[in-house]
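The structure appears below as structure tokens.
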Amino acid sequence: MVLPGIQAIFGFQLIAVFNNGFKLLSASYQQFHFVAVIMIAIAVCLIMTPAAWHRHLEEDVMTKKFLRLSSRLIKYAMFFLSVGMCIDIFIIGEVIFNNRLPAIAAMILFIIFMFGWFIFPSIQKKKNG
């Protein structure tokens, strides 16, 4: 379920570079965007790795090793996805506001991602067992 969303974000990131407005950004913001694209690309790679692993190594079985690997890779992917998205949110905010608000918004968004994707599930896991 995560993969189509990441692919859509990645597509929009790639399109942005070819828009005329991208050339108006400072070199540092263009470089930040490049880092964000790399982060999303890493997330795509990590999300797709379990499928490749399963097709090449364990296509006929579903092992605990595979499930653990898949879960771990998805966790890593979500981290890279959150970093990439927060960088792009920062850049968009800078274009719109040109003050400290975008940095604050990006940090708050990162905290929300970390809470929703890592901290809250970890708390629930400890509660349940």
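Naming works like this for the structure tokens: A, B, ... for the chains as they're shown, residue 1 at the start of each chain, ligands 1 onward in shown order.
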Give me the residues within 12 Å of Val83 (chain A) as a ChimeraX atom specification, counting only C-alpha atoms and dropping any in the same chain fewer than 6 places off. /A:32-33,35-43,76-77,89-90,106-114
Please produce an output containing C-alpha atoms for each residue in the selection, written as an mmCIF file, in the first residue's frame.
data_model
loop_
_atom_site.group_PDB
_atom_site.id
_atom_site.type_symbol
_atom_site.label_atom_id
_atom_site.label_comp_id
_atom_site.auth_asym_id
_atom_site.auth_seq_id
_atom_site.Cartn_x
_atom_site.Cartn_y
_atom_site.Cartn_z
ATOM 1 C CA PHE A 32 18.169 20.184 -1.036
ATOM 2 C CA HIS A 33 15.555 18.977 -3.506
ATOM 3 C CA VAL A 35 18.779 15.174 -1.546
ATOM 4 C CA ALA A 36 15.010 14.773 -1.055
ATOM 5 C CA VAL A 37 14.757 12.896 -4.375
ATOM 6 C CA ILE A 38 17.573 10.594 -3.283
ATOM 7 C CA MET A 39 15.793 9.945 0.042
ATOM 8 C CA ILE A 40 12.573 8.989 -1.754
ATOM 9 C CA ALA A 41 14.532 6.807 -4.214
ATOM 10 C CA ILE A 42 16.116 4.970 -1.269
ATOM 11 C CA ALA A 43 12.636 4.522 0.233
ATOM 12 C CA TYR A 76 13.893 1.944 7.159
ATOM 13 C CA ALA A 77 11.968 3.053 4.073
ATOM 14 C CA ILE A 89 7.995 20.645 2.659
ATOM 15 C CA PHE A 90 10.763 22.952 3.867
ATOM 16 C CA ALA A 106 9.271 20.601 8.608
ATOM 17 C CA MET A 107 10.548 19.745 12.095
ATOM 18 C CA ILE A 108 7.015 19.352 13.460
ATOM 19 C CA LEU A 109 6.079 17.185 10.492
ATOM 20 C CA PHE A 110 9.165 15.032 11.078
ATOM 21 C CA ILE A 111 8.167 14.602 14.731
ATOM 22 C CA ILE A 112 4.648 13.620 13.655
ATOM 23 C CA PHE A 113 6.054 11.061 11.212
ATOM 24 C CA MET A 114 8.381 9.631 13.858
#
Can you tell me, as a list of chain:residue names, what residues are no more than 12 Å from Ala51 (chain A) when counting only C-alpha atoms, ignoring any on the same chain fewer than 6 positions away?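 Contacts, in chain order: A:Leu3, A:Val44, A:Cys45, A:Leu57, A:Glu58, A:Glu59, A:Met62, A:Phe66, A:Leu67, A:Leu69, A:Ser70, A:Leu73, A:Ile74.
Proximity of A:Phe22, A:Phe118, A:Phe79, A:Tyr29 to Leu46 (chain A), computed with only C-alpha atoms, is greatest for A:Phe79.
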What is the distance, in Å and to one decimal place, between CA of Glu94 (chain A) and CA of Val2 (chain A)?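 Going from CA of Glu94 (chain A) over to CA of Val2 (chain A) covers 27.5 Å.
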